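Asks: Quick one, query14.pdb (PDB, C-alpha atoms, pLDDT in the B column):
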ATOM      1  CA  MET T   1      19.076   2.559  28.159  1.00 55.00           C
ATOM      2  CA  SER T   2      16.161   2.311  25.808  1.00 78.00           C
ATOM      3  CA  THR T   3      13.445   4.877  26.186  1.00 82.00           C
ATOM      4  CA  LEU T   4      10.704   2.265  26.335  1.00 86.00           C
ATOM      5  CA  LEU T   5      12.388   0.412  29.213  1.00 86.00           C
ATOM      6  CA  PHE T   6      12.849   3.685  31.080  1.00 87.00           C
ATOM      7  CA  TRP T   7       9.172   4.627  30.759  1.00 88.00           C
ATOM      8  CA  ILE T   8       8.007   1.161  31.802  1.00 91.00           C
ATOM      9  CA  LEU T   9      10.252   1.190  34.876  1.00 90.00           C
ATOM     10  CA  ALA T  10       9.352   4.800  35.715  1.00 91.00           C
ATOM     11  CA  SER T  11       5.629   4.057  35.469  1.00 92.00           C
ATOM     12  CA  LEU T  12       5.941   0.990  37.684  1.00 93.00           C
ATOM     13  CA  MET T  13       8.013   2.965  40.194  1.00 94.00           C
ATOM     14  CA  ILE T  14       5.431   5.744  40.344  1.00 93.00           C
ATOM     15  CA  LEU T  15       2.633   3.202  40.738  1.00 94.00           C
ATOM     16  CA  SER T  16       4.415   1.403  43.573  1.00 93.00           C
ATOM     17  CA  ALA T  17       5.208   4.750  45.251  1.00 93.00           C
ATOM     18  CA  VAL T  18       1.519   5.678  45.102  1.00 92.00           C
ATOM     19  CA  PHE T  19       0.690   2.328  46.706  1.00 91.00           C
ATOM     20  CA  VAL T  20       3.227   3.047  49.455  1.00 90.00           C
ATOM     21  CA  VAL T  21       1.427   6.254  50.362  1.00 89.00           C
ATOM     22  CA  ALA T  22      -2.153   5.156  49.698  1.00 89.00           C
ATOM     23  CA  ASN T  23      -2.068   1.774  51.443  1.00 86.00           C
ATOM     24  CA  ARG T  24      -3.652   1.710  54.887  1.00 82.00           C
ATOM     25  CA  ASN T  25      -1.821  -1.419  56.011  1.00 83.00           C
ATOM     26  CA  PRO T  26       1.778  -0.508  56.966  1.00 83.00           C
ATOM     27  CA  VAL T  27       3.139  -3.979  56.167  1.00 83.00           C
ATOM     28  CA  ARG T  28       1.742  -3.843  52.633  1.00 87.00           C
ATOM     29  CA  SER T  29       3.043  -0.290  52.326  1.00 88.00           C
ATOM     30  CA  ALA T  30       6.526  -1.446  53.320  1.00 87.00           C
ATOM     31  CA  LEU T  31       6.364  -4.287  50.783  1.00 88.00           C
ATOM     32  CA  CYS T  32       5.397  -1.803  48.061  1.00 90.00           C
ATOM     33  CA  LEU T  33       8.457   0.219  49.098  1.00 90.00           C
ATOM     34  CA  VAL T  34      10.592  -2.902  48.649  1.00 90.00           C
ATOM     35  CA  LEU T  35       9.130  -3.274  45.153  1.00 91.00           C
ATOM     36  CA  ASN T  36       9.996   0.368  44.447  1.00 93.00           C
ATOM     37  CA  MET T  37      13.590  -0.178  45.566  1.00 91.00           C
ATOM     38  CA  ILE T  38      13.944  -3.305  43.434  1.00 92.00           C
ATOM     39  CA  LEU T  39      12.612  -1.422  40.406  1.00 93.00           C
ATOM     40  CA  LEU T  40      15.173   1.297  41.107  1.00 92.00           C
ATOM     41  CA  ALA T  41      17.889  -1.361  41.159  1.00 91.00           C
ATOM     42  CA  ILE T  42      16.668  -2.616  37.776  1.00 91.00           C
ATOM     43  CA  MET T  43      16.921   0.941  36.476  1.00 91.00           C
ATOM     44  CA  TYR T  44      20.497   1.115  37.769  1.00 89.00           C
ATOM     45  CA  LEU T  45      21.245  -2.148  35.951  1.00 87.00           C
ATOM     46  CA  SER T  46      19.888  -0.720  32.723  1.00 86.00           C
ATOM     47  CA  LEU T  47      22.333   2.183  33.154  1.00 83.00           C
ATOM     48  CA  SER T  48      25.283  -0.257  33.536  1.00 79.00           C
ATOM     49  CA  ALA T  49      25.741   0.565  37.218  1.00 82.00           C
ATOM     50  CA  GLN T  50      25.908  -2.989  38.549  1.00 84.00           C
ATOM     51  CA  PHE T  51      27.568  -2.155  41.843  1.00 85.00           C
ATOM     52  CA  ILE T  52      24.998   0.477  42.786  1.00 86.00           C
ATOM     53  CA  ALA T  53      22.184  -1.906  41.832  1.00 88.00           C
ATOM     54  CA  VAL T  54      23.536  -4.651  44.069  1.00 88.00           C
ATOM     55  CA  VAL T  55      24.093  -2.234  46.943  1.00 87.00           C
ATOM     56  CA  GLN T  56      20.540  -0.910  46.457  1.00 88.00           C
ATOM     57  CA  VAL T  57      19.087  -4.398  46.832  1.00 89.00           C
ATOM     58  CA  ILE T  58      21.321  -5.550  49.683  1.00 89.00           C
ATOM     59  CA  VAL T  59      21.348  -2.408  51.812  1.00 86.00           C
ATOM     60  CA  TYR T  60      18.026  -0.718  51.167  1.00 84.00           C
ATOM     61  CA  ALA T  61      15.640  -3.447  50.023  1.00 82.00           C
ATOM     62  CA  GLY T  62      17.250  -5.904  52.411  1.00 84.00           C
ATOM     63  CA  ALA T  63      18.591  -4.443  55.619  1.00 84.00           C
ATOM     64  CA  ILE T  64      16.698  -1.164  55.910  1.00 83.00           C
ATOM     65  CA  MET T  65      13.341  -2.725  55.066  1.00 83.00           C
ATOM     66  CA  VAL T  66      13.925  -5.487  57.633  1.00 83.00           C
ATOM     67  CA  LEU T  67      14.379  -2.720  60.196  1.00 82.00           C
ATOM     68  CA  PHE T  68      11.191  -0.994  59.016  1.00 82.00           C
ATOM     69  CA  LEU T  69       9.202  -4.222  59.277  1.00 79.00           C
ATOM     70  CA  PHE T  70      10.728  -4.944  62.685  1.00 79.00           C
ATOM     71  CA  VAL T  71       9.592  -1.540  63.979  1.00 79.00           C
ATOM     72  CA  ILE T  72       6.134  -2.015  62.456  1.00 77.00           C
ATOM     73  CA  MET T  73       5.771  -5.354  64.196  1.00 77.00           C
ATOM     74  CA  LEU T  74       7.152  -4.017  67.493  1.00 76.00           C
ATOM     75  CA  LEU T  75       4.762  -1.080  67.545  1.00 74.00           C
ATOM     76  CA  ASN T  76       1.875  -3.290  66.389  1.00 69.00           C
ATOM     77  CA  LEU T  77       1.014  -0.867  63.609  1.00 57.00           C
ATOM     78  CA  GLY T  78      -0.574  -3.691  61.630  1.00 53.00           C
ATOM     79  CA  ALA T  79      -3.762  -3.375  63.672  1.00 56.00           C
ATOM     80  CA  PRO T  80      -6.373  -1.389  61.701  1.00 59.00           C
ATOM     81  CA  ASN T  81      -7.677   0.406  64.816  1.00 60.00           C
ATOM     82  CA  ALA T  82      -4.230   1.845  65.529  1.00 52.00           C
ATOM     83  CA  LEU T  83      -4.189   3.669  62.195  1.00 52.00           C
ATOM     84  CA  LYS T  84      -7.398   5.672  62.457  1.00 60.00           C
ATOM     85  CA  GLU T  85      -6.731   9.396  62.331  1.00 60.00           C
ATOM     86  CA  LYS T  86      -9.034  12.257  63.123  1.00 62.00           C
ATOM     87  CA  GLY T  87      -9.552  15.193  60.775  1.00 60.00           C
ATOM     88  CA  GLY T  88      -9.792  15.524  57.027  1.00 67.00           C
ATOM     89  CA  MET T  89      -7.258  18.205  56.099  1.00 69.00           C
ATOM     90  CA  HIS T  90      -4.508  15.779  55.077  1.00 71.00           C
ATOM     91  CA  SER T  91      -5.492  15.418  51.435  1.00 76.00           C
ATOM     92  CA  LEU T  92      -6.011  19.182  51.015  1.00 82.00           C
ATOM     93  CA  ILE T  93      -2.577  19.900  52.482  1.00 83.00           C
ATOM     94  CA  ALA T  94      -1.006  17.191  50.267  1.00 80.00           C
ATOM     95  CA  VAL T  95      -2.540  18.672  47.106  1.00 85.00           C
ATOM     96  CA  ALA T  96      -1.401  22.175  48.091  1.00 89.00           C
ATOM     97  CA  ALA T  97       2.147  20.940  48.801  1.00 87.00           C
ATOM     98  CA  ALA T  98       2.278  19.101  45.448  1.00 86.00           C
ATOM     99  CA  GLY T  99       1.085  22.247  43.651  1.00 88.00           C
ATOM    100  CA  ALA T 100       3.705  24.369  45.413  1.00 88.00           C
ATOM    101  CA  PHE T 101       6.390  21.827  44.455  1.00 83.00           C
ATOM    102  CA  LEU T 102       5.348  21.967  40.788  1.00 82.00           C
ATOM    103  CA  VAL T 103       5.383  25.778  40.872  1.00 83.00           C
ATOM    104  CA  LEU T 104       8.918  25.702  42.315  1.00 80.00           C
ATOM    105  CA  LEU T 105      10.066  23.218  39.665  1.00 73.00           C
ATOM    106  CA  SER T 106       8.619  25.293  36.842  1.00 76.00           C
ATOM    107  CA  GLY T 107      10.101  28.467  38.336  1.00 74.00           C
ATOM    108  CA  ALA T 108      13.514  26.831  38.377  1.00 68.00           C
ATOM    109  CA  GLY T 109      13.093  25.843  34.744  1.00 64.00           C
ATOM    110  CA  ALA T 110      13.320  22.097  35.376  1.00 59.00           C
ATOM    111  CA  ILE T 111       9.946  21.362  33.785  1.00 61.00           C
ATOM    112  CA  SER T 112      10.183  23.478  30.645  1.00 61.00           C
ATOM    113  CA  THR T 113      13.846  22.998  29.726  1.00 59.00           C
ATOM    114  CA  GLY T 114      14.599  19.682  31.370  1.00 56.00           C
ATOM    115  CA  LEU T 115      17.833  18.769  33.054  1.00 51.00           C
ATOM    116  CA  PRO T 116      21.062  19.234  31.082  1.00 59.00           C
ATOM    117  CA  ALA T 117      22.431  16.118  29.423  1.00 60.00           C
ATOM    118  CA  GLU T 118      25.762  14.907  30.697  1.00 64.00           C
ATOM    119  CA  GLN T 119      28.712  14.729  28.347  1.00 64.00           C
ATOM    120  CA  VAL T 120      29.833  11.130  28.831  1.00 63.00           C
ATOM    121  CA  THR T 121      31.603   8.752  26.525  1.00 69.00           C
ATOM    122  CA  LYS T 122      30.373   5.345  25.410  1.00 70.00           C
ATOM    123  CA  LYS T 123      33.267   3.686  27.273  1.00 69.00           C
ATOM    124  CA  PHE T 124      32.265   5.377  30.552  1.00 66.00           C
ATOM    125  CA  LEU T 125      28.671   4.212  30.173  1.00 63.00           C
ATOM    126  CA  VAL T 126      29.826   0.638  29.678  1.00 66.00           C
ATOM    127  CA  ASP T 127      32.570   0.575  32.344  1.00 65.00           C
ATOM    128  CA  GLY T 128      31.505   3.373  34.683  1.00 68.00           C
ATOM    129  CA  GLY T 129      29.438   1.493  37.241  1.00 68.00           C
ATOM    130  CA  THR T 130      31.150  -1.860  37.340  1.00 75.00           C
ATOM    131  CA  ILE T 131      32.714  -3.190  40.503  1.00 78.00           C
ATOM    132  CA  GLU T 132      36.088  -3.339  38.770  1.00 80.00           C
ATOM    133  CA  SER T 133      36.074   0.350  37.848  1.00 79.00           C
ATOM    134  CA  ILE T 134      34.941   1.380  41.331  1.00 79.00           C
ATOM    135  CA  GLY T 135      37.643  -0.779  42.930  1.00 80.00           C
ATOM    136  CA  LEU T 136      40.343   0.593  40.622  1.00 81.00           C
ATOM    137  CA  ALA T 137      39.281   4.165  41.358  1.00 79.00           C
ATOM    138  CA  LEU T 138      39.075   3.528  45.103  1.00 79.00           C
ATOM    139  CA  TYR T 139      42.416   1.781  45.558  1.00 81.00           C
ATOM    140  CA  ASN T 140      44.492   3.706  43.016  1.00 81.00           C
ATOM    141  CA  PRO T 141      47.329   5.431  44.937  1.00 80.00           C
ATOM    142  CA  GLN T 142      47.405   8.291  42.412  1.00 84.00           C
ATOM    143  CA  LEU T 143      43.771   9.217  43.182  1.00 80.00           C
ATOM    144  CA  PRO T 144      42.796  10.972  46.435  1.00 82.00           C
ATOM    145  CA  TRP T 145      40.353   8.274  47.635  1.00 79.00           C
ATOM    146  CA  LEU T 146      42.682   5.681  49.144  1.00 80.00           C
ATOM    147  CA  PHE T 147      43.668   7.549  52.321  1.00 84.00           C
ATOM    148  CA  PRO T 148      40.121   8.618  53.370  1.00 84.00           C
ATOM    149  CA  PHE T 149      38.900   5.063  52.694  1.00 81.00           C
ATOM    150  CA  GLU T 150      41.604   3.576  54.912  1.00 85.00           C
ATOM    151  CA  VAL T 151      40.972   6.145  57.654  1.00 88.00           C
ATOM    152  CA  THR T 152      37.267   5.316  57.581  1.00 88.00           C
ATOM    153  CA  SER T 153      37.972   1.593  57.856  1.00 88.00           C
ATOM    154  CA  PHE T 154      40.270   2.263  60.830  1.00 89.00           C
ATOM    155  CA  LEU T 155      37.603   4.394  62.557  1.00 91.00           C
ATOM    156  CA  LEU T 156      35.013   1.655  62.034  1.00 88.00           C
ATOM    157  CA  LEU T 157      37.428  -0.888  63.510  1.00 91.00           C
ATOM    158  CA  VAL T 158      37.962   1.331  66.566  1.00 91.00           C
ATOM    159  CA  ALA T 159      34.174   1.730  66.936  1.00 89.00           C
ATOM    160  CA  VAL T 160      33.654  -2.047  66.842  1.00 88.00           C
ATOM    161  CA  VAL T 161      36.371  -2.614  69.450  1.00 89.00           C
ATOM    162  CA  GLY T 162      34.872   0.155  71.621  1.00 86.00           C
ATOM    163  CA  ALA T 163      31.403  -1.385  71.384  1.00 83.00           C
ATOM    164  CA  ILE T 164      32.795  -4.770  72.407  1.00 84.00           C
ATOM    165  CA  VAL T 165      34.623  -3.253  75.376  1.00 83.00           C
ATOM    166  CA  LEU T 166      31.501  -1.385  76.523  1.00 81.00           C
ATOM    167  CA  ALA T 167      29.319  -4.473  76.128  1.00 78.00           C
ATOM    168  CA  LYS T 168      31.856  -6.652  77.959  1.00 78.00           C
ATOM    169  CA  ARG T 169      31.787  -4.266  80.906  1.00 68.00           C
ATOM    170  CA  ARG T 170      28.026  -4.836  81.342  1.00 63.00           C
ATOM    171  CA  ILE T 171      28.243  -8.627  81.171  1.00 58.00           C
TER
END
Translate this file's structure into structure tokens.
Replies:
Amino acid sequence: MSTLLFWILASLMILSAVFVVANRNPVRSALCLVLNMILLAIMYLSLSAQFIAVVQVIVYAGAIMVLFLFVIMLLNLGAPNALKEKGGMHSLIAVAAAGAFLVLLSGAGAISTGLPAEQVTKKFLVDGGTIESIGLALYNPQLPWLFPFEVTSFLLLVAVVGAIVLAKRRI
């Protein structure tokens, strides 16, 4: 990934995250969060992780944000009078928490030395996040992921059947 693209995406993500927190309207705040998640998916695409980017958009920017907006509309949080809070200590506490977080990061050495670079090959960067490579790794009988995946799918099937049986009893 080019450094310029990373800094552009990172700056836009930080800006949208600030708008999520600073916006007084919860619907606009949720839409800024959707923008942040889409920018994160673009960053995944620039790292050749297509599957994770698609899952990010479908699951988080799609389904989870629909649930957030549904709850906002149900609770009628869009009304400006419902959002008024008493007291003025919030910004002071936020600044103190951010300062404590920066002190912890610098104490751990993450600010001065940075995070260690991974030792990956060029082939892994190109093929590592594709749907084909994830599918081959997941369904390969020589790797330990096939059995837990099949057990999980069986448990989900049992849960769906159980939910249908319980719902049928009430009807």
Asks: What does the structure give for the distance between atom CA of Ile58 of chain T and atom CA of Leu33 of chain T, in Å to one decimal?
Replies: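 Computed distance, atom CA of Ile58 of chain T to atom CA of Leu33 of chain T, equals 14.1 Å.
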Asks: At what distance in Å, to one decimal, does atom CA of Ala17 of chain T lie from atom CA of Ala49 of chain T?
Replies: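 Rounded to one decimal, the two atoms are 22.4 Å apart.
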Asks: Looking at all atoms listed in the file, which of T:Gly107, T:Gly62, T:Gly99, T:Gly135 is the one that sits closest to Phe149 of chain T?
Replies: T:Gly135
Asks: When you draw a straight line from atom CA of Ile72 of chain T to atom CA of Ala30 of chain T, how long is it in Å?
Replies: 9.2 Å
Asks: Taking only C-alpha atoms into account, name the residue in T:Met13, T:Leu146, T:Leu4, T:Val34 that is nearest to Phe68 of chain T.
Replies: T:Val34
Asks: Neighbouring residues of Ile131 of chain T were defined as those with any atom within 8 Å, considering only C-alpha atoms; residues of the same chain fewer than 3 positions away were excluded. Please report them as a PyMOL selection string.
Replies: chain T and resi 50-51+134-135
Asks: Quick one: apply the PyMOL selection byres ((chain T and resi 39-42) around 10) to the file and drop the selected residues here as a PyMOL selection string.
Replies: chain T and resi 6+9-10+12-13+16+33-38+43-57+61
Asks: Print the selection's residues with C-alpha atoms to a file, as a JSON list (two decimals), in the frame of the given file.
Replies:
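Here's the written file part.json:
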[["chain", "number", "residue", "atom", "x", "y", "z"],
["T", 6, "PHE", "CA", 12.85, 3.68, 31.08],
["T", 9, "LEU", "CA", 10.25, 1.19, 34.88],
["T", 10, "ALA", "CA", 9.35, 4.80, 35.72],
["T", 12, "LEU", "CA", 5.94, 0.99, 37.68],
["T", 13, "MET", "CA", 8.01, 2.96, 40.19],
["T", 16, "SER", "CA", 4.42, 1.40, 43.57],
["T", 33, "LEU", "CA", 8.46, 0.22, 49.10],
["T", 34, "VAL", "CA", 10.59, -2.90, 48.65],
["T", 35, "LEU", "CA", 9.13, -3.27, 45.15],
["T", 36, "ASN", "CA", 10.00, 0.37, 44.45],
["T", 37, "MET", "CA", 13.59, -0.18, 45.57],
["T", 38, "ILE", "CA", 13.94, -3.30, 43.43],
["T", 43, "MET", "CA", 16.92, 0.94, 36.48],
["T", 44, "TYR", "CA", 20.50, 1.12, 37.77],
["T", 45, "LEU", "CA", 21.24, -2.15, 35.95],
["T", 46, "SER", "CA", 19.89, -0.72, 32.72],
["T", 47, "LEU", "CA", 22.33, 2.18, 33.15],
["T", 48, "SER", "CA", 25.28, -0.26, 33.54],
["T", 49, "ALA", "CA", 25.74, 0.56, 37.22],
["T", 50, "GLN", "CA", 25.91, -2.99, 38.55],
["T", 51, "PHE", "CA", 27.57, -2.15, 41.84],
["T", 52, "ILE", "CA", 25.00, 0.48, 42.79],
["T", 53, "ALA", "CA", 22.18, -1.91, 41.83],
["T", 54, "VAL", "CA", 23.54, -4.65, 44.07],
["T", 55, "VAL", "CA", 24.09, -2.23, 46.94],
["T", 56, "GLN", "CA", 20.54, -0.91, 46.46],
["T", 57, "VAL", "CA", 19.09, -4.40, 46.83],
["T", 61, "ALA", "CA", 15.64, -3.45, 50.02]]
Asks: Have a look at T:Leu157, T:Ala163, T:Val27, T:Ala96 and name the one nearest to Met65 of chain T; count all atoms listed in the file.
Replies: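 So, comparing all the options, the nearest one is T:Val27.
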Asks: Measuring between all atoms listed in the file, which one of T:Cys32, T:Ala97, T:Leu92, T:Leu155 shows the shortest distance to Val20 of chain T?
Replies: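 Closest to Val20 of chain T, using all atoms listed in the file: T:Cys32.
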